[in-house]
>>> print(open('work_20.txt').read())   # compact mmCIF, C-alpha atoms
# COMPACT_ATOMS: atom_id res chain seq x y z
CA MET A 1 0.00 0.00 0.00
CA THR A 2 2.81 2.37 0.91
CA MET A 3 4.52 1.62 -2.40
CA THR A 4 1.27 2.28 -4.27
CA ARG A 5 0.83 5.67 -2.57
CA SER A 6 4.42 6.60 -3.38
CA LEU A 7 3.95 5.61 -7.01
CA LEU A 8 0.73 7.63 -7.28
CA ARG A 9 2.40 10.62 -5.65
CA ALA A 10 5.38 10.45 -8.03
CA THR A 11 3.07 10.08 -11.03
CA SER A 12 1.02 13.12 -9.94
CA VAL A 13 4.14 15.24 -9.50
CA ALA A 14 5.43 14.21 -12.93
CA LEU A 15 2.07 14.95 -14.57
CA PHE A 16 1.82 18.36 -12.89
CA SER A 17 5.35 19.24 -14.03
CA LEU A 18 4.53 18.20 -17.59
CA LEU A 19 1.38 20.33 -17.66
CA ALA A 20 3.21 23.32 -16.20
CA CYS A 21 5.96 22.94 -18.78
CA SER A 22 3.39 22.74 -21.60
CA ALA A 23 1.66 25.91 -20.36
CA ALA A 24 4.98 27.72 -20.18
CA ILE A 25 5.82 26.66 -23.74
CA ALA A 26 2.43 27.91 -24.94
CA ARG A 27 3.19 31.30 -23.42
CA GLU A 28 6.67 31.53 -24.87
CA PRO A 29 7.23 34.50 -27.19
CA VAL A 30 6.49 33.82 -30.86
CA ALA A 31 8.16 35.58 -33.81
CA GLY A 32 9.35 39.02 -32.85
CA GLY A 33 8.81 38.47 -29.14
CA TRP A 34 4.97 38.62 -29.19
CA ARG A 35 3.59 36.26 -26.57
CA ASP A 36 1.25 33.55 -27.82
CA THR A 37 -1.59 34.55 -25.51
CA PRO A 38 -4.92 36.25 -26.32
CA GLN A 39 -3.48 39.56 -25.05
CA GLY A 40 -0.23 39.14 -26.97
CA ARG A 41 -2.05 38.29 -30.19
CA MET A 42 -4.34 41.30 -29.85
CA GLN A 43 -1.33 43.54 -29.30
CA ALA A 44 0.35 42.16 -32.42
CA GLN A 45 -2.80 42.66 -34.49
CA ARG A 46 -3.10 46.26 -33.32
CA MET A 47 0.40 46.84 -34.68
CA LEU A 48 -0.63 45.21 -37.96
CA GLN A 49 -3.65 47.53 -38.18
CA THR A 50 -1.31 50.48 -37.61
CA LEU A 51 0.88 49.36 -40.51
CA ASN A 52 -2.18 48.82 -42.70
CA ALA A 53 -3.38 52.37 -42.02
CA ASP A 54 0.11 53.73 -42.72
CA LEU A 55 0.30 51.92 -46.07
CA LEU A 56 -3.16 53.20 -47.03
CA GLY A 57 -2.17 56.75 -46.12
CA HIS A 58 0.92 56.97 -48.36
CA ASP A 59 1.65 56.47 -52.05
CA SER A 60 4.95 54.58 -51.70
CA ALA A 61 4.85 51.21 -49.96
CA THR A 62 8.66 51.07 -50.12
CA LEU A 63 9.16 54.31 -48.20
CA THR A 64 6.43 53.35 -45.73
CA LEU A 65 8.20 50.05 -45.02
CA GLU A 66 11.51 51.88 -44.57
CA ARG A 67 9.94 54.18 -41.97
CA TRP A 68 8.36 51.17 -40.27
CA CYS A 69 11.68 49.31 -40.22
CA ALA A 70 13.49 52.34 -38.76
CA ALA A 71 10.80 53.10 -36.16
CA HIS A 72 10.95 49.53 -34.86
CA ARG A 73 14.75 49.23 -35.14
CA MET A 74 14.54 46.15 -37.30
CA ALA A 75 17.78 46.84 -39.19
CA SER A 76 20.59 49.37 -39.37
CA PRO A 77 20.57 51.01 -41.77
CA ALA A 78 16.82 50.73 -42.26
CA ARG A 79 16.92 50.41 -46.04
CA VAL A 80 14.47 48.39 -48.13
CA VAL A 81 15.82 46.51 -51.13
CA ALA A 82 13.93 44.53 -53.78
CA HIS A 83 15.22 41.01 -54.34
CA GLN A 84 13.99 40.03 -57.78
CA VAL A 85 12.62 36.52 -58.20
CA ARG A 86 13.86 35.75 -61.69
CA GLY A 87 12.68 33.08 -64.08
CA VAL A 88 9.01 33.37 -63.14
CA ASP A 89 6.12 34.83 -65.08
CA LYS A 90 2.49 35.37 -64.25
CA PRO A 91 -0.23 36.55 -66.65
CA LEU A 92 -1.85 39.89 -65.96
CA PRO A 93 -5.40 39.30 -64.65
CA PRO A 94 -7.95 40.60 -67.19
CA GLU A 95 -9.58 42.98 -64.68
CA LEU A 96 -6.21 44.60 -63.94
CA ARG A 97 -5.43 44.92 -67.68
CA ALA A 98 -8.71 46.80 -68.08
CA GLN A 99 -7.89 49.08 -65.14
CA LEU A 100 -4.45 49.76 -66.62
CA MET A 101 -6.24 50.74 -69.86
CA ALA A 102 -3.82 48.48 -71.73
CA GLY A 103 -4.82 47.05 -75.09
CA ALA A 104 -4.68 43.33 -75.79
CA ASP A 105 -1.47 43.77 -77.82
CA GLN A 106 0.16 46.33 -75.50
CA ARG A 107 3.45 45.25 -73.97
CA VAL A 108 3.31 44.45 -70.24
CA ARG A 109 6.26 43.46 -68.09
CA TYR A 110 6.06 41.35 -64.95
CA ARG A 111 8.33 41.79 -61.93
CA ARG A 112 8.19 39.55 -58.87
CA VAL A 113 10.14 40.89 -55.88
CA GLN A 114 10.66 40.36 -52.19
CA LEU A 115 11.00 43.64 -50.32
CA ALA A 116 13.48 43.15 -47.49
CA CYS A 117 14.84 45.31 -44.69
CA GLY A 118 17.96 43.73 -43.26
CA ASP A 119 17.24 40.02 -42.81
CA HIS A 120 13.46 40.50 -42.86
CA VAL A 121 11.40 39.88 -46.01
CA LEU A 122 8.53 42.26 -45.31
CA SER A 123 6.47 41.76 -48.46
CA GLU A 124 6.25 39.72 -51.65
CA ALA A 125 4.94 41.70 -54.60
CA ASP A 126 3.60 40.91 -58.06
CA ASN A 127 4.02 43.95 -60.30
CA TRP A 128 2.71 44.28 -63.85
CA TYR A 129 3.85 47.52 -65.46
CA LEU A 130 3.72 49.20 -68.85
CA PRO A 131 7.31 49.92 -69.99
CA GLY A 132 6.05 52.30 -72.67
CA ARG A 133 4.87 54.69 -69.96
CA LEU A 134 8.27 54.75 -68.22
CA THR A 135 11.53 56.30 -69.36
CA GLU A 136 14.29 54.21 -70.93
CA ALA A 137 16.49 54.87 -67.91
CA MET A 138 13.78 53.57 -65.58
CA ASN A 139 13.32 50.40 -67.63
CA ARG A 140 17.07 49.74 -67.62
CA GLN A 141 17.24 50.20 -63.86
CA LEU A 142 14.30 47.86 -63.30
CA ASP A 143 15.93 45.22 -65.51
CA ASN A 144 19.39 45.44 -63.99
CA SER A 145 19.11 46.39 -60.33
CA ASP A 146 17.45 45.54 -57.03
CA VAL A 147 16.20 49.09 -56.50
CA PRO A 148 12.52 48.95 -55.44
CA PHE A 149 9.99 49.91 -58.10
CA GLY A 150 8.65 52.84 -56.07
CA LYS A 151 12.08 54.44 -55.88
CA VAL A 152 12.79 53.93 -59.59
CA VAL A 153 9.54 55.60 -60.72
CA ARG A 154 9.57 58.33 -58.08
CA PRO A 155 10.42 61.03 -60.71
CA LEU A 156 6.97 60.36 -62.23
CA HIS A 157 5.42 61.95 -59.10
CA PHE A 158 3.04 59.02 -59.01
CA ARG A 159 -0.03 58.54 -56.89
CA ARG A 160 -1.42 55.28 -55.62
CA LYS A 161 -5.02 54.08 -55.79
CA THR A 162 -5.79 51.18 -53.47
CA LEU A 163 -8.22 48.69 -54.98
CA SER A 164 -8.51 46.42 -51.95
CA ALA A 165 -6.89 45.83 -48.56
CA ARG A 166 -7.39 42.50 -46.82
CA VAL A 167 -6.15 41.45 -43.40
CA LEU A 168 -5.38 37.74 -43.79
CA TRP A 169 -4.77 36.97 -40.13
CA SER A 170 -7.77 36.60 -37.85
CA VAL A 171 -6.88 36.73 -34.16
CA SER A 172 -8.52 34.24 -31.83
CA ALA A 173 -9.32 35.18 -28.23
CA ALA A 174 -9.22 31.52 -27.23
CA ALA A 175 -6.50 30.13 -25.03
CA GLY A 176 -3.79 27.90 -26.46
CA THR A 177 -1.28 28.34 -29.22
CA GLN A 178 -1.95 30.16 -32.49
CA ALA A 179 0.97 30.73 -34.79
CA ILE A 180 1.13 33.93 -36.82
CA PRO A 181 0.77 32.84 -40.48
CA HIS A 182 3.31 33.75 -43.13
CA ALA A 183 0.91 35.98 -45.12
CA ILE A 184 -0.95 38.44 -42.89
CA LEU A 185 -1.99 41.38 -45.13
CA GLN A 186 -2.61 41.88 -48.85
CA HIS A 187 -3.10 45.06 -50.92
CA ARG A 188 -4.09 45.48 -54.56
CA ALA A 189 -3.28 48.85 -56.06
CA LEU A 190 -2.72 50.88 -59.21
CA LEU A 191 -0.05 53.54 -59.73
CA PHE A 192 -0.80 56.66 -61.81
CA ASP A 193 1.69 59.15 -63.22
CA ALA A 194 1.37 62.94 -62.95
CA GLY A 195 -0.76 62.90 -66.12
CA ASN A 196 -3.21 60.51 -64.41
CA ARG A 197 -2.24 57.58 -66.64
CA PRO A 198 -2.10 54.18 -64.90
CA PHE A 199 1.24 52.44 -65.45
CA SER A 200 1.48 49.72 -62.81
CA ALA A 201 -0.79 47.14 -61.16
CA LEU A 202 0.37 45.62 -57.88
CA ILE A 203 -0.57 42.75 -55.62
CA GLU A 204 1.44 43.09 -52.40
CA THR A 205 1.41 40.36 -49.76
CA TYR A 206 2.89 41.38 -46.42
CA THR A 207 4.50 38.71 -44.27
CA ASP A 208 4.74 37.96 -40.57
CA GLN A 209 8.20 39.56 -40.68
CA VAL A 210 6.62 43.01 -40.44
CA LEU A 211 6.08 42.08 -36.78
CA ALA A 212 9.63 40.79 -36.23
CA PHE A 213 10.48 43.17 -33.41
CA PRO A 214 9.93 43.12 -29.64
CA PRO A 215 6.67 44.67 -28.40
CA ARG A 216 6.90 48.37 -27.52
CA ALA A 217 10.27 48.64 -29.27
CA ALA A 218 9.15 51.57 -31.40
CA THR A 219 9.90 55.17 -30.47
CA PRO A 220 6.55 57.04 -30.66
CA ALA A 221 8.28 60.26 -31.74
CA VAL A 222 9.45 58.71 -35.00
CA MET A 223 6.25 56.87 -35.88
CA PRO A 224 4.76 58.29 -39.10
CA ARG A 225 1.41 60.03 -39.47
CA PHE A 226 -1.54 58.37 -41.16
CA GLU A 227 -3.19 61.23 -43.05
CA GLY A 228 -6.03 60.09 -45.24
CA ALA A 229 -5.93 56.48 -44.07
CA ALA A 230 -9.41 56.58 -42.54
CA SER A 231 -10.96 57.96 -45.73
CA ASP A 232 -9.15 55.32 -47.78
CA LEU A 233 -10.54 52.58 -45.54
CA ARG A 234 -14.07 53.99 -45.90
CA ARG A 235 -13.68 54.22 -49.68
CA ILE A 236 -12.57 50.59 -49.93
CA ALA A 237 -15.32 49.38 -47.60
CA GLU A 238 -18.00 51.42 -49.45
CA PRO A 239 -17.32 51.33 -53.22
CA PRO A 240 -19.13 53.84 -55.43
CA ALA A 241 -22.63 52.93 -56.59
CA GLU A 242 -21.53 52.78 -60.23
CA THR A 243 -18.95 50.12 -59.30
CA LEU A 244 -21.58 48.02 -57.58
CA SER A 245 -23.90 48.23 -60.57
CA ARG A 246 -21.36 46.78 -63.03
>>> encode(input="work_20.txt", output="structure tokens")
Amino acid sequence: MTMTRSLLRATSVALFSLLACSAAIAREPVAGGWRDTPQGRMQAQRMLQTLNADLLGHDSATLTLERWCAAHRMASPARVVAHQVRGVDKPLPPELRAQLMAGADQRVRYRRVQLACGDHVLSEADNWYLPGRLTEAMNRQLDNSDVPFGKVVRPLHFRRKTLSARVLWSVSAAAGTQAIPHAILQHRALLFDAGNRPFSALIETYTDQVLAFPPRAATPAVMPRFEGAASDLRRIAEPPAETLSR
């Protein structure tokens, strides 16, 4: 009987230790130091919503990501480069060709890039652009360098029109583990030159690496402003009546 009690006591202690260890593992920080708890996940999603508003409030995703990288001290220097994924091609979706006002026989180039700041790949972008609406120097630079598209075409004084913005990560308030997925945000957009001609169609998928920094690491004084982001969100959520009637 004494041996049985001792065995039961030892088994209970071992089981309690195992459960405590499992709970501790579940609360360990996930990518970037965000704790895998309901509170930690909500905090991470609030940061994602901040980035989403910032992207919607500015014309250049590249420059927005550079400010984000600098504010959260993700790399030094905080410089975004475009790593081209060569040897791939993807047809331009018909609806984007129509929005680019490109004829069926008009030349379209495709550029697949990963925008990285330091060791962090922040976004993966599909870019279909019309080389005939860019300068020869711009086309050469796009063909032969890793300079981000937004920096190359900056002399065009372009503006950005967001077609859609989707948050791909839904936070659960339930207990237990919930990994942050690789793709957490996606934007579709058109770029227009100063003459209001569309010249580029973009599908940008932002990765979990945009959250690869410890919580509260940002310096509030250097965080960017989000002018116009609220109106952009309303416009996307409530498309014009003529769009709905098509």
>>> atom_distance(input="work_20.txt", atom1="CA of Arg41 in chain A", atom2="CA of Val171 in chain A")
6.4 Å
>>> atom_distance(input="work_20.txt", atom1="CA of Lys151 in chain A", atom2="CA of Glu95 in chain A")
26.0 Å
>>> closest_residue(input="work_20.txt", among="A:Ser170, A:Ser76, A:Gln114, A:Thr135", to="Thr62 in chain A", atoms="all atoms listed in the file")
A:Gln114
>>> atom_distance(input="work_20.txt", atom1="CA of Phe158 in chain A", atom2="CA of Leu185 in chain A")
23.0 Å
>>> closest_residue(input="work_20.txt", among="A:Pro38, A:Gly150, A:Pro181, A:Pro215", to="His58 in chain A", atoms="all atoms listed in the file")
A:Gly150
>>> axis_aligned_box(input="work_20.txt", around="range 32-47 of chain A", padding_each_side="4 Å", output="lines of an AutoDock Vina configuration file")
center_x = 2.2
center_y = 40.2
center_z = -29.9
size_x = 22.3
size_y = 21.3
size_z = 17.6
